[in-house]
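The structure appears below as structure tokens.
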Amino acid sequence: MSQDDSAKADSLLRRIFIACVICVAIFQFSENTADPDLWGHVIYGNHLLQTGQLTRADPYSWTAAGHDWVNHEILAEAIMALSFRALGGTGLLLLTIVVGLLTFLIAILTASRHRDSGTKILAWAFGALAVVEISFGFAARPQIFTALALAIQLWSLRQIHRGDWKWAFVLPPLFALWINTHGGAILGMILLFAAAGATTVEIIFAKAIPNLPCLRFDKPLSAKTLQLLWLTAIVSAAALLVNPYGPGLIRWLIASISWLRPQIAEWNPVTLGWDHAAFFFCVVLVAFAFLFSRQPKRLWEIAVLLLLAAMGFRAVRNTPLFCIAALALAPYQLADVLARFQSHFAGLSEIGRRTTTKKMLTVLLSLLSVAILASAFFLHKQRAWTMEVPRDQYPTAAIEFIQQHDLHGNLLVYFDWGEMCLWELPESRVSIDGRLDTSYPNDVITAHWQFYNAEPFDTNALNVAKADFALLPSHLAGALALAKNNGWHPVYLDGLAVVLVKDLNQFPKLAELNLPAMGGTNATEGRAAFPGYLPAR
């Protein structure tokens with residue numbers, strides 16, 4: 001077969017491989033399980049769109065009514081509300097997929113700016129691994145915009161270091177939008193100053209030790225690049241003040257970030273295991289690449305990767321951010337390492353260069369792409385193109401019981417279900433919800449954790465006597481203690497949730513029932529569709 005035919009087969013194989021990786025990304029980002037805070041984000045964003053006003057005091061709870069509410073995600077919530085208004089749950093899912101793919105592709109393009117084809121194809125191969133962990137952070141929530149902003153920041157920093165200075169003008173407006181979208185803007189600012197500091201050190205070392213191999217670039221950094229970096233960092237820091245709360249938001253975010261949340265899984269350190277195996281593989285590959293590559297290394301890239309790796313190990317919620325940076329910054333170094341060891345795989349390389357092998361791989365990858373894309377529509381889903389609510393995670397059947405029997409008033413609720421109740425039970429106020437320290441005092445939050453565990457708690461912070469009814473996990477120690485010791489009456493029970501009321505006479509419709517009503521076996525089976533309507537609040 002001619003060299004021309006071989007080249008065509010090689011080109012087709014590359015395109016099919018890239019298409020297959022994109023299908024993997026679509027599959028990963030198409031996870032449609034509702035986040036516990038999704039209901040609230042749409043409600044808050046819709047309120048802003050309807051009224052044009054930012055709510056500064058909590059109107060939704062009975063334990064913190066009127067308490068200051070620092071909503072640092074209002075722009076993200078407005079976007080989510082617009083998506084819901086347009087296409088309901090489908091709009092929210094499409095928003096997540098689009099932002100995820102944009103983030104992924106920007107990181108790929110950042111890595112692929114090197115002209116050699118080896119780095120480009122390796123970036124896509126690395127992307128197939130990294131996207132597994134990146135997608136972990138892509139529930140429909142404001143954090144997705146931090147992921148996108150980080151990818152844009154890394155692209156801009158790499159362009160600035162290459163001498164394309166116009167990208168410096170992107171960063172200040174990016175941070176002005178970022179700070180109104182999600183608190184991750186503080187992380188972005190730390191990375192920006194770390195990059196400027198590392199570049200300063202690099203220039204000093206390059207002048208002091210001009211023959212240092214790891215800093216011997218074809219085009220060394222200029223003093224103007226360094227000045228521009230610091231100026232951009234300072235102006236971007238000032239851009240953070242462009243928010244409804246001014247400097248107070250920055251102080252609040254720093255305090256909030258430093259607050260440990262051991263009760264929430266994603267705030268805990270990542271543990272070695274298959275759940276986050278992609279993160280650990282990425283860490284190993286990045287370390288391998290930067291330790292053994294012969295290519296010069298930018299110190300700012302190392303600084304960013306080290307900071308994000310440390311944050312990833314500290315809290316699970318940060319592992320996707322490290323993998324975004326790893327995908328953007330590591331493939332060039334990794335390609336050099338693999339090139340060094342390619343002689344060890346000469347036999348496999350020879351087989352891979354055969355036209356027959358290329359054609360077989362093209363067919364296999366084509367079939368695999370179709371299978372992956374089909375899985376994105378049907379695997380673990382009852383409705384492919386909308387957000388879904390798993391009945392074994394959310395008390396859909398218990399809420400239906402509450403609605404049917406007109407239970408309303410002050411609701412004592414499990415915090416993961418609070419924002420779902422804001423939507424489904426608009427006539428009731430909750431005791432807590434996923435906003436946590438943005439709107440609830442620390443003593444109220446602490447009292448809830450202690451109540452859930454059936455531990456002594458501050459009754460001034462959480463006065464259970466003021467609640468009219470309760471919606472809690474049926475296995476929760478606090479729910480069992482409430483039913484036994486405080487005169488509360490279980491009126492509904494299934495495998496996930498229990499509904500209790502303090503005064504049966506307050507709710508006349510309960511008199512018709514043999515209590516507690518038991519949920520059927522299907523109460524916790526299957527997945528309900530995310531609501532297609534906005535609550536009438």
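Ligands are numbered from 1 in the order shown, chains are lettered A, B, ... in the order of the structure tokens, and residues start at 1 in each chain.
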
When you look at His41 in chain A with a cut-off of 12 Å (counting only C-alpha atoms), what residues show up, excluding the ones that are within fewer than 2 positions of it in the same chain? I need them as a short mmCIF file (atom, residue, chain, number, x, y, z; two decimals) with all heavy atoms, in the first residue's frame.
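The resulting file, part_31.cif, is reproduced below:
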```
data_model
loop_
_atom_site.label_atom_id
_atom_site.label_comp_id
_atom_site.auth_asym_id
_atom_site.auth_seq_id
_atom_site.Cartn_x
_atom_site.Cartn_y
_atom_site.Cartn_z
N ALA A 34 -29.71 15.02 40.11
CA ALA A 34 -29.84 16.36 40.68
C ALA A 34 -28.94 16.52 41.90
O ALA A 34 -28.87 15.64 42.76
CB ALA A 34 -31.29 16.64 41.06
N ASP A 35 -28.24 17.64 41.98
CA ASP A 35 -27.46 17.99 43.15
C ASP A 35 -28.42 18.44 44.26
O ASP A 35 -29.48 19.01 43.98
CB ASP A 35 -26.51 19.13 42.79
CG ASP A 35 -25.62 19.54 43.94
OD1 ASP A 35 -24.63 18.85 44.20
OD2 ASP A 35 -25.93 20.57 44.59
N PRO A 36 -28.07 18.20 45.54
CA PRO A 36 -28.99 18.60 46.62
C PRO A 36 -29.37 20.08 46.62
O PRO A 36 -30.44 20.44 47.10
CB PRO A 36 -28.20 18.24 47.89
CG PRO A 36 -27.30 17.13 47.47
CD PRO A 36 -26.92 17.44 46.06
N ASP A 37 -28.50 20.93 46.07
CA ASP A 37 -28.77 22.37 46.08
C ASP A 37 -29.39 22.89 44.79
O ASP A 37 -29.62 24.10 44.65
CB ASP A 37 -27.47 23.15 46.34
CG ASP A 37 -26.87 22.82 47.70
OD1 ASP A 37 -27.62 22.40 48.59
OD2 ASP A 37 -25.65 22.96 47.85
N LEU A 38 -29.67 21.99 43.83
CA LEU A 38 -30.13 22.44 42.52
C LEU A 38 -31.44 23.21 42.61
O LEU A 38 -31.62 24.26 41.97
CB LEU A 38 -30.29 21.22 41.59
CG LEU A 38 -30.82 21.52 40.18
CD1 LEU A 38 -29.94 22.52 39.46
CD2 LEU A 38 -30.93 20.23 39.37
N TRP A 39 -32.39 22.71 43.41
CA TRP A 39 -33.68 23.37 43.53
C TRP A 39 -33.50 24.82 44.00
O TRP A 39 -34.10 25.74 43.46
CB TRP A 39 -34.55 22.62 44.53
CG TRP A 39 -35.00 21.27 44.10
CD1 TRP A 39 -36.19 20.96 43.49
CD2 TRP A 39 -34.32 20.02 44.24
NE1 TRP A 39 -36.29 19.60 43.26
CE2 TRP A 39 -35.15 19.00 43.71
CE3 TRP A 39 -33.08 19.65 44.77
CZ2 TRP A 39 -34.79 17.65 43.69
CZ3 TRP A 39 -32.70 18.31 44.76
CH2 TRP A 39 -33.55 17.33 44.23
N ILE A 43 -34.34 28.61 42.26
CA ILE A 43 -35.25 29.52 42.95
C ILE A 43 -34.59 30.88 43.15
O ILE A 43 -35.18 31.93 42.84
CB ILE A 43 -35.66 28.93 44.32
CG1 ILE A 43 -36.59 27.74 44.13
CG2 ILE A 43 -36.37 30.00 45.16
CD1 ILE A 43 -36.89 27.01 45.43
N TYR A 44 -33.36 30.90 43.64
CA TYR A 44 -32.70 32.17 43.94
C TYR A 44 -32.43 32.95 42.66
O TYR A 44 -32.61 34.18 42.61
CB TYR A 44 -31.39 31.94 44.69
CG TYR A 44 -31.46 30.94 45.81
CD1 TYR A 44 -30.41 30.07 46.08
CD2 TYR A 44 -32.61 30.83 46.61
CE1 TYR A 44 -30.48 29.13 47.10
CE2 TYR A 44 -32.69 29.88 47.63
CZ TYR A 44 -31.63 29.04 47.86
OH TYR A 44 -31.70 28.10 48.86
N GLY A 45 -31.98 32.24 41.61
CA GLY A 45 -31.73 32.92 40.34
C GLY A 45 -33.00 33.46 39.72
O GLY A 45 -33.02 34.57 39.17
N ASN A 46 -34.08 32.70 39.84
CA ASN A 46 -35.35 33.16 39.28
C ASN A 46 -35.87 34.38 40.03
O ASN A 46 -36.44 35.30 39.42
CB ASN A 46 -36.38 32.04 39.34
CG ASN A 46 -37.66 32.39 38.62
OD1 ASN A 46 -37.68 32.59 37.41
ND2 ASN A 46 -38.75 32.49 39.37
N HIS A 47 -35.68 34.41 41.34
CA HIS A 47 -36.11 35.57 42.13
C HIS A 47 -35.37 36.82 41.65
O HIS A 47 -35.97 37.90 41.52
CB HIS A 47 -35.86 35.33 43.61
CG HIS A 47 -36.28 36.48 44.48
ND1 HIS A 47 -35.42 37.51 44.81
CD2 HIS A 47 -37.47 36.78 45.08
CE1 HIS A 47 -36.06 38.38 45.57
NE2 HIS A 47 -37.30 37.96 45.75
N LEU A 48 -34.07 36.69 41.41
CA LEU A 48 -33.30 37.85 40.91
C LEU A 48 -33.82 38.29 39.55
O LEU A 48 -33.98 39.50 39.30
CB LEU A 48 -31.82 37.48 40.81
CG LEU A 48 -30.91 38.57 40.24
CD1 LEU A 48 -30.83 39.77 41.18
CD2 LEU A 48 -29.51 38.03 39.97
N ASN A 71 -24.91 35.80 49.23
CA ASN A 71 -25.09 34.95 48.05
C ASN A 71 -24.01 35.28 47.04
O ASN A 71 -24.13 36.22 46.25
CB ASN A 71 -26.47 35.14 47.44
CG ASN A 71 -26.76 34.09 46.39
OD1 ASN A 71 -25.86 33.39 45.92
ND2 ASN A 71 -28.02 33.96 46.01
N HIS A 72 -22.94 34.49 47.05
CA HIS A 72 -21.79 34.76 46.18
C HIS A 72 -21.91 34.03 44.84
O HIS A 72 -20.94 34.02 44.07
CB HIS A 72 -20.50 34.34 46.88
CG HIS A 72 -20.43 32.87 47.20
ND1 HIS A 72 -21.19 32.31 48.20
CD2 HIS A 72 -19.70 31.86 46.68
CE1 HIS A 72 -20.94 31.02 48.26
NE2 HIS A 72 -20.04 30.71 47.35
N GLU A 73 -23.06 33.43 44.56
CA GLU A 73 -23.22 32.64 43.34
C GLU A 73 -24.36 33.17 42.47
O GLU A 73 -24.87 32.44 41.61
CB GLU A 73 -23.49 31.18 43.72
CG GLU A 73 -22.37 30.57 44.54
CD GLU A 73 -22.72 29.20 45.12
OE1 GLU A 73 -23.92 28.91 45.28
OE2 GLU A 73 -21.79 28.44 45.43
N ILE A 74 -24.73 34.41 42.65
CA ILE A 74 -25.97 34.90 42.05
C ILE A 74 -25.94 34.92 40.53
O ILE A 74 -26.95 34.67 39.87
CB ILE A 74 -26.32 36.29 42.63
CG1 ILE A 74 -27.77 36.63 42.31
CG2 ILE A 74 -25.35 37.35 42.16
CD1 ILE A 74 -28.78 35.69 42.90
N LEU A 75 -24.79 35.21 39.94
CA LEU A 75 -24.71 35.20 38.47
C LEU A 75 -24.89 33.79 37.94
O LEU A 75 -25.62 33.57 36.95
CB LEU A 75 -23.38 35.79 38.01
CG LEU A 75 -23.17 35.88 36.50
CD1 LEU A 75 -24.27 36.70 35.84
CD2 LEU A 75 -21.79 36.49 36.18
N ALA A 76 -24.25 32.81 38.58
CA ALA A 76 -24.43 31.42 38.17
C ALA A 76 -25.89 31.00 38.31
O ALA A 76 -26.45 30.31 37.45
CB ALA A 76 -23.53 30.51 39.01
N GLU A 77 -26.53 31.43 39.41
CA GLU A 77 -27.91 31.05 39.64
C GLU A 77 -28.85 31.69 38.63
O GLU A 77 -29.84 31.07 38.21
CB GLU A 77 -28.30 31.41 41.07
CG GLU A 77 -27.60 30.52 42.09
CD GLU A 77 -27.72 31.01 43.51
OE1 GLU A 77 -28.10 32.19 43.73
OE2 GLU A 77 -27.43 30.23 44.44
N ALA A 78 -28.54 32.91 38.20
CA ALA A 78 -29.35 33.55 37.17
C ALA A 78 -29.24 32.78 35.85
O ALA A 78 -30.24 32.57 35.14
CB ALA A 78 -28.92 34.99 36.99
N ILE A 79 -28.03 32.33 35.53
CA ILE A 79 -27.84 31.54 34.31
C ILE A 79 -28.60 30.22 34.40
O ILE A 79 -29.24 29.77 33.44
CB ILE A 79 -26.33 31.29 34.06
CG1 ILE A 79 -25.61 32.61 33.79
CG2 ILE A 79 -26.12 30.33 32.90
CD1 ILE A 79 -24.10 32.49 33.76
N MET A 80 -28.55 29.60 35.58
CA MET A 80 -29.26 28.33 35.77
C MET A 80 -30.77 28.55 35.68
O MET A 80 -31.50 27.73 35.09
CB MET A 80 -28.87 27.73 37.11
CG MET A 80 -27.41 27.30 37.18
SD MET A 80 -26.86 26.80 38.84
CE MET A 80 -27.68 25.21 38.98
N ALA A 81 -31.26 29.65 36.24
CA ALA A 81 -32.69 29.94 36.16
C ALA A 81 -33.12 30.20 34.72
O ALA A 81 -34.20 29.75 34.29
CB ALA A 81 -33.03 31.14 37.04
N LEU A 82 -32.29 30.91 33.96
CA LEU A 82 -32.61 31.14 32.54
C LEU A 82 -32.65 29.82 31.77
O LEU A 82 -33.53 29.62 30.92
CB LEU A 82 -31.57 32.08 31.93
CG LEU A 82 -31.69 33.57 32.29
CD1 LEU A 82 -30.48 34.33 31.78
CD2 LEU A 82 -32.98 34.16 31.72
N SER A 83 -31.70 28.92 32.06
CA SER A 83 -31.69 27.62 31.41
C SER A 83 -32.94 26.83 31.74
O SER A 83 -33.54 26.18 30.87
CB SER A 83 -30.44 26.83 31.83
OG SER A 83 -29.26 27.52 31.50
N PHE A 84 -33.37 26.91 33.02
CA PHE A 84 -34.58 26.20 33.42
C PHE A 84 -35.81 26.82 32.77
O PHE A 84 -36.70 26.10 32.31
CB PHE A 84 -34.72 26.22 34.94
CG PHE A 84 -35.93 25.48 35.43
CD1 PHE A 84 -35.89 24.11 35.60
CD2 PHE A 84 -37.13 26.15 35.68
CE1 PHE A 84 -37.00 23.41 36.03
CE2 PHE A 84 -38.24 25.46 36.10
CZ PHE A 84 -38.19 24.09 36.28
N LEU A 92 -31.12 22.64 32.22
CA LEU A 92 -30.07 22.53 33.24
C LEU A 92 -29.03 21.47 32.84
O LEU A 92 -27.83 21.67 33.04
CB LEU A 92 -30.70 22.17 34.58
CG LEU A 92 -31.60 23.24 35.20
CD1 LEU A 92 -32.35 22.67 36.40
CD2 LEU A 92 -30.79 24.46 35.61
N ALA A 140 -25.04 19.86 38.27
CA ALA A 140 -25.58 21.16 37.87
C ALA A 140 -25.54 22.10 39.08
O ALA A 140 -26.47 22.16 39.88
CB ALA A 140 -27.01 20.99 37.36
N ARG A 141 -24.44 22.83 39.23
CA ARG A 141 -24.25 23.73 40.35
C ARG A 141 -23.23 24.79 39.97
O ARG A 141 -22.50 24.62 38.97
CB ARG A 141 -23.81 22.95 41.59
CG ARG A 141 -22.55 22.11 41.40
CD ARG A 141 -22.25 21.31 42.64
NE ARG A 141 -20.95 20.65 42.56
CZ ARG A 141 -20.38 20.04 43.58
NH1 ARG A 141 -20.99 20.02 44.76
NH2 ARG A 141 -19.21 19.45 43.46
N PRO A 142 -23.10 25.87 40.74
CA PRO A 142 -22.21 26.96 40.35
C PRO A 142 -20.74 26.58 40.22
O PRO A 142 -19.98 27.27 39.53
CB PRO A 142 -22.41 27.99 41.46
CG PRO A 142 -23.81 27.76 41.93
CD PRO A 142 -23.99 26.26 41.86
N GLN A 143 -20.29 25.50 40.86
CA GLN A 143 -18.89 25.10 40.77
C GLN A 143 -18.43 24.86 39.34
O GLN A 143 -17.24 24.95 39.04
CB GLN A 143 -18.65 23.84 41.60
CG GLN A 143 -18.57 24.09 43.09
CD GLN A 143 -19.92 24.01 43.78
OE1 GLN A 143 -20.96 24.28 43.17
NE2 GLN A 143 -19.92 23.63 45.05
N THR A 181 -19.96 34.66 40.43
CA THR A 181 -20.46 33.37 39.97
C THR A 181 -20.21 32.25 40.97
O THR A 181 -21.07 31.41 41.21
CB THR A 181 -19.80 33.01 38.62
OG1 THR A 181 -20.00 34.08 37.70
CG2 THR A 181 -20.39 31.75 38.03
N HIS A 182 -19.02 32.29 41.57
CA HIS A 182 -18.68 31.25 42.55
C HIS A 182 -17.46 31.68 43.35
O HIS A 182 -16.58 32.39 42.82
CB HIS A 182 -18.39 29.92 41.84
CG HIS A 182 -18.17 28.78 42.79
ND1 HIS A 182 -16.94 28.19 42.98
CD2 HIS A 182 -19.02 28.12 43.63
CE1 HIS A 182 -17.03 27.24 43.88
NE2 HIS A 182 -18.28 27.17 44.29
N GLU A 419 -33.30 22.28 50.31
CA GLU A 419 -33.62 23.10 49.13
C GLU A 419 -34.66 22.42 48.23
O GLU A 419 -35.42 23.09 47.54
CB GLU A 419 -32.33 23.45 48.39
CG GLU A 419 -31.42 24.30 49.27
CD GLU A 419 -30.28 24.96 48.54
OE1 GLU A 419 -30.46 25.37 47.38
OE2 GLU A 419 -29.20 25.08 49.14
N MET A 420 -34.72 21.11 48.27
CA MET A 420 -35.81 20.41 47.59
C MET A 420 -37.14 20.80 48.24
O MET A 420 -38.15 21.02 47.55
CB MET A 420 -35.60 18.91 47.68
CG MET A 420 -36.67 18.07 47.00
SD MET A 420 -36.37 16.30 47.21
CE MET A 420 -37.67 15.62 46.17
N LEU A 422 -37.76 23.64 49.80
CA LEU A 422 -38.07 25.03 49.43
C LEU A 422 -38.91 25.06 48.16
O LEU A 422 -39.80 25.92 48.02
CB LEU A 422 -36.78 25.83 49.21
CG LEU A 422 -35.88 26.09 50.42
CD1 LEU A 422 -34.69 26.95 50.00
CD2 LEU A 422 -36.64 26.75 51.55
N TRP A 423 -38.63 24.15 47.26
CA TRP A 423 -39.33 24.10 45.97
C TRP A 423 -40.68 23.39 46.12
O TRP A 423 -41.72 23.92 45.69
CB TRP A 423 -38.45 23.34 44.98
CG TRP A 423 -38.96 23.31 43.56
CD1 TRP A 423 -40.10 22.74 43.12
CD2 TRP A 423 -38.31 23.88 42.41
NE1 TRP A 423 -40.22 22.88 41.76
CE2 TRP A 423 -39.13 23.58 41.30
CE3 TRP A 423 -37.14 24.57 42.21
CZ2 TRP A 423 -38.80 23.96 40.01
CZ3 TRP A 423 -36.80 24.95 40.92
CH2 TRP A 423 -37.62 24.66 39.84
N ASP A 433 -30.76 24.36 55.19
CA ASP A 433 -30.63 23.86 53.82
C ASP A 433 -29.18 23.98 53.40
O ASP A 433 -28.32 24.37 54.20
CB ASP A 433 -31.56 24.63 52.86
CG ASP A 433 -31.26 26.11 52.82
OD1 ASP A 433 -30.27 26.49 52.19
OD2 ASP A 433 -32.03 26.89 53.42
N GLY A 434 -28.90 23.65 52.16
CA GLY A 434 -27.52 23.57 51.69
C GLY A 434 -26.77 24.87 51.62
O GLY A 434 -25.56 24.87 51.34
N ARG A 435 -27.42 25.99 51.87
CA ARG A 435 -26.69 27.27 51.87
C ARG A 435 -25.73 27.37 53.05
O ARG A 435 -24.77 28.14 53.02
CB ARG A 435 -27.69 28.43 51.90
CG ARG A 435 -28.49 28.60 50.63
CD ARG A 435 -29.56 29.65 50.82
NE ARG A 435 -30.54 29.26 51.83
CZ ARG A 435 -31.35 30.12 52.46
NH1 ARG A 435 -31.26 31.41 52.19
NH2 ARG A 435 -32.22 29.69 53.35
N LEU A 534 -41.85 26.11 37.95
CA LEU A 534 -41.28 26.89 39.05
C LEU A 534 -42.28 26.93 40.20
O LEU A 534 -43.49 27.03 39.97
CB LEU A 534 -40.95 28.31 38.59
CG LEU A 534 -39.69 28.44 37.73
CD1 LEU A 534 -39.69 29.74 36.96
CD2 LEU A 534 -38.44 28.33 38.59
#
```

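Taking only C-alpha atoms into account, Ile324 in chain A lies nearest to A:Phe126 out of the set A:Phe530, A:Phe27, A:Trp167, A:Phe126.
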
Helix (DSSP H, G or I) positions in range 412-533 of chain A, given as a VMD selection string: chain A and resid 415 to 424 436 to 438 442 to 452 464 to 466 477 to 485 504 to 506 508 to 512 521 to 524

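Excluding range 235-249 of chain A itself and same-chain residues fewer than 2 positions from it, the residues having an atom within 6 Å of it are Pro172, Ala176, Ile179, Thr232, Ala233, Arg251 and Trp252 of chain A, counting only C-alpha atoms.
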
Which residues of range 385-430 of chain A come within 9 Å of range 498-518 of chain A, and what is each one's closest atom pair and distance in Å (one decimal), counting only C-alpha atoms, sorted by chain and residue number, as JSON lines?
```
{"residue": "A:Pro395", "atom": "CA", "partner": "A:Val498", "partner_atom": "CA", "distance": 8.8}
{"residue": "A:Ala398", "atom": "CA", "partner": "A:Val499", "partner_atom": "CA", "distance": 6.9}
{"residue": "A:Ile399", "atom": "CA", "partner": "A:Val499", "partner_atom": "CA", "distance": 8.8}
{"residue": "A:Phe401", "atom": "CA", "partner": "A:Val499", "partner_atom": "CA", "distance": 8.8}
{"residue": "A:Ile402", "atom": "CA", "partner": "A:Val499", "partner_atom": "CA", "distance": 8.0}
{"residue": "A:Gln404", "atom": "CA", "partner": "A:Lys509", "partner_atom": "CA", "distance": 8.7}
{"residue": "A:His405", "atom": "CA", "partner": "A:Lys509", "partner_atom": "CA", "distance": 5.5}
{"residue": "A:Asp406", "atom": "CA", "partner": "A:Phe507", "partner_atom": "CA", "distance": 7.1}
{"residue": "A:Leu407", "atom": "CA", "partner": "A:Phe507", "partner_atom": "CA", "distance": 6.4}
{"residue": "A:His408", "atom": "CA", "partner": "A:Phe507", "partner_atom": "CA", "distance": 8.6}
```

Selection file, N, CA and C atoms, as a PDB file, in the first residue's frame:
```pdb
ATOM      1  N   PRO A 395     -36.370  12.314  49.248  1.00  0.00           N
ATOM      2  CA  PRO A 395     -37.646  11.810  49.792  1.00  0.00           C
ATOM      3  C   PRO A 395     -38.848  12.190  48.941  1.00  0.00           C
ATOM      4  N   ALA A 398     -42.145  10.759  50.384  1.00  0.00           N
ATOM      5  CA  ALA A 398     -42.519  11.436  51.631  1.00  0.00           C
ATOM      6  C   ALA A 398     -43.052  12.835  51.351  1.00  0.00           C
ATOM      7  N   ILE A 399     -42.456  13.532  50.408  1.00  0.00           N
ATOM      8  CA  ILE A 399     -42.934  14.877  50.066  1.00  0.00           C
ATOM      9  C   ILE A 399     -44.312  14.804  49.421  1.00  0.00           C
ATOM     10  N   PHE A 401     -46.562  12.654  50.158  1.00  0.00           N
ATOM     11  CA  PHE A 401     -47.454  12.458  51.297  1.00  0.00           C
ATOM     12  C   PHE A 401     -47.730  13.793  51.996  1.00  0.00           C
ATOM     13  N   ILE A 402     -46.697  14.580  52.203  1.00  0.00           N
ATOM     14  CA  ILE A 402     -46.849  15.885  52.857  1.00  0.00           C
ATOM     15  C   ILE A 402     -47.780  16.783  52.052  1.00  0.00           C
ATOM     16  N   GLN A 404     -50.107  15.861  49.821  1.00  0.00           N
ATOM     17  CA  GLN A 404     -51.461  15.311  49.769  1.00  0.00           C
ATOM     18  C   GLN A 404     -52.232  15.549  51.062  1.00  0.00           C
ATOM     19  N   HIS A 405     -51.520  15.637  52.190  1.00  0.00           N
ATOM     20  CA  HIS A 405     -52.200  15.759  53.480  1.00  0.00           C
ATOM     21  C   HIS A 405     -52.020  17.140  54.097  1.00  0.00           C
ATOM     22  N   ASP A 406     -51.596  18.089  53.257  1.00  0.00           N
ATOM     23  CA  ASP A 406     -51.592  19.512  53.618  1.00  0.00           C
ATOM     24  C   ASP A 406     -50.821  19.783  54.918  1.00  0.00           C
ATOM     25  N   LEU A 407     -49.632  19.174  55.011  1.00  0.00           N
ATOM     26  CA  LEU A 407     -48.765  19.485  56.143  1.00  0.00           C
ATOM     27  C   LEU A 407     -47.969  20.741  55.788  1.00  0.00           C
ATOM     28  N   HIS A 408     -47.962  21.704  56.666  1.00  0.00           N
ATOM     29  CA  HIS A 408     -47.236  22.937  56.397  1.00  0.00           C
ATOM     30  C   HIS A 408     -46.882  23.608  57.719  1.00  0.00           C
TER      31      HIS A 408
END
```

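For the residues A:Ala529, A:Leu365, A:Leu150, A:Ile372, ranking by smallest atom-to-atom distance to Ile26 in chain A using only C-alpha atoms places A:Ile372 first.
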
12 Å contact set for Tyr440 in chain A, only C-alpha atoms, chain neighbours under 3 positions out, as a ChimeraX atom specification: /A:57-71,415,430-437,443-448,461-462

Non-local contacts of Leu321 in chain A (7 Å; only C-alpha atoms; under 2 positions in same chain excluded) as a PyMOL selection string: chain A and resi 134+147+308+318-319+323-325

What would the file look like if the residues just selected were written as a PDB file, in the first residue's frame with N, CA, C and O atoms?
```
ATOM      1  N   ILE A 134     -12.598  15.113  36.163  1.00  0.00           N
ATOM      2  CA  ILE A 134     -13.137  16.462  35.943  1.00  0.00           C
ATOM      3  C   ILE A 134     -14.652  16.444  36.059  1.00  0.00           C
ATOM      4  O   ILE A 134     -15.264  17.316  36.679  1.00  0.00           O
ATOM      5  N   ALA A 147     -14.691  25.783  37.265  1.00  0.00           N
ATOM      6  CA  ALA A 147     -13.906  24.914  36.392  1.00  0.00           C
ATOM      7  C   ALA A 147     -13.642  25.587  35.045  1.00  0.00           C
ATOM      8  O   ALA A 147     -12.504  25.577  34.537  1.00  0.00           O
ATOM      9  N   LEU A 308      -2.689  22.994  43.342  1.00  0.00           N
ATOM     10  CA  LEU A 308      -3.953  22.307  43.082  1.00  0.00           C
ATOM     11  C   LEU A 308      -3.896  20.848  43.538  1.00  0.00           C
ATOM     12  O   LEU A 308      -4.907  20.300  43.987  1.00  0.00           O
ATOM     13  N   ASN A 318     -11.917  19.463  45.210  1.00  0.00           N
ATOM     14  CA  ASN A 318     -10.877  20.135  44.428  1.00  0.00           C
ATOM     15  C   ASN A 318     -10.168  19.212  43.443  1.00  0.00           C
ATOM     16  O   ASN A 318      -9.362  19.695  42.634  1.00  0.00           O
ATOM     17  N   THR A 319     -10.428  17.911  43.490  1.00  0.00           N
ATOM     18  CA  THR A 319      -9.723  17.000  42.587  1.00  0.00           C
ATOM     19  C   THR A 319     -10.003  17.305  41.110  1.00  0.00           C
ATOM     20  O   THR A 319      -9.086  17.195  40.291  1.00  0.00           O
ATOM     21  N   CYS A 323      -7.148  18.114  37.913  1.00  0.00           N
ATOM     22  CA  CYS A 323      -7.126  17.378  36.650  1.00  0.00           C
ATOM     23  C   CYS A 323      -7.296  18.298  35.451  1.00  0.00           C
ATOM     24  O   CYS A 323      -6.769  18.016  34.368  1.00  0.00           O
ATOM     25  N   ILE A 324      -8.008  19.405  35.608  1.00  0.00           N
ATOM     26  CA  ILE A 324      -8.084  20.406  34.536  1.00  0.00           C
ATOM     27  C   ILE A 324      -6.709  20.982  34.273  1.00  0.00           C
ATOM     28  O   ILE A 324      -6.254  21.100  33.116  1.00  0.00           O
ATOM     29  N   ALA A 325      -5.998  21.356  35.349  1.00  0.00           N
ATOM     30  CA  ALA A 325      -4.654  21.922  35.195  1.00  0.00           C
ATOM     31  C   ALA A 325      -3.686  20.879  34.644  1.00  0.00           C
ATOM     32  O   ALA A 325      -2.821  21.194  33.810  1.00  0.00           O
TER      33      ALA A 325
END
```

Residue contacts of Ser428 in chain A (7 Å, only C-alpha atoms) excluding same-chain residues fewer than 4 positions away, as a ChimeraX atom specification: /A:408-411
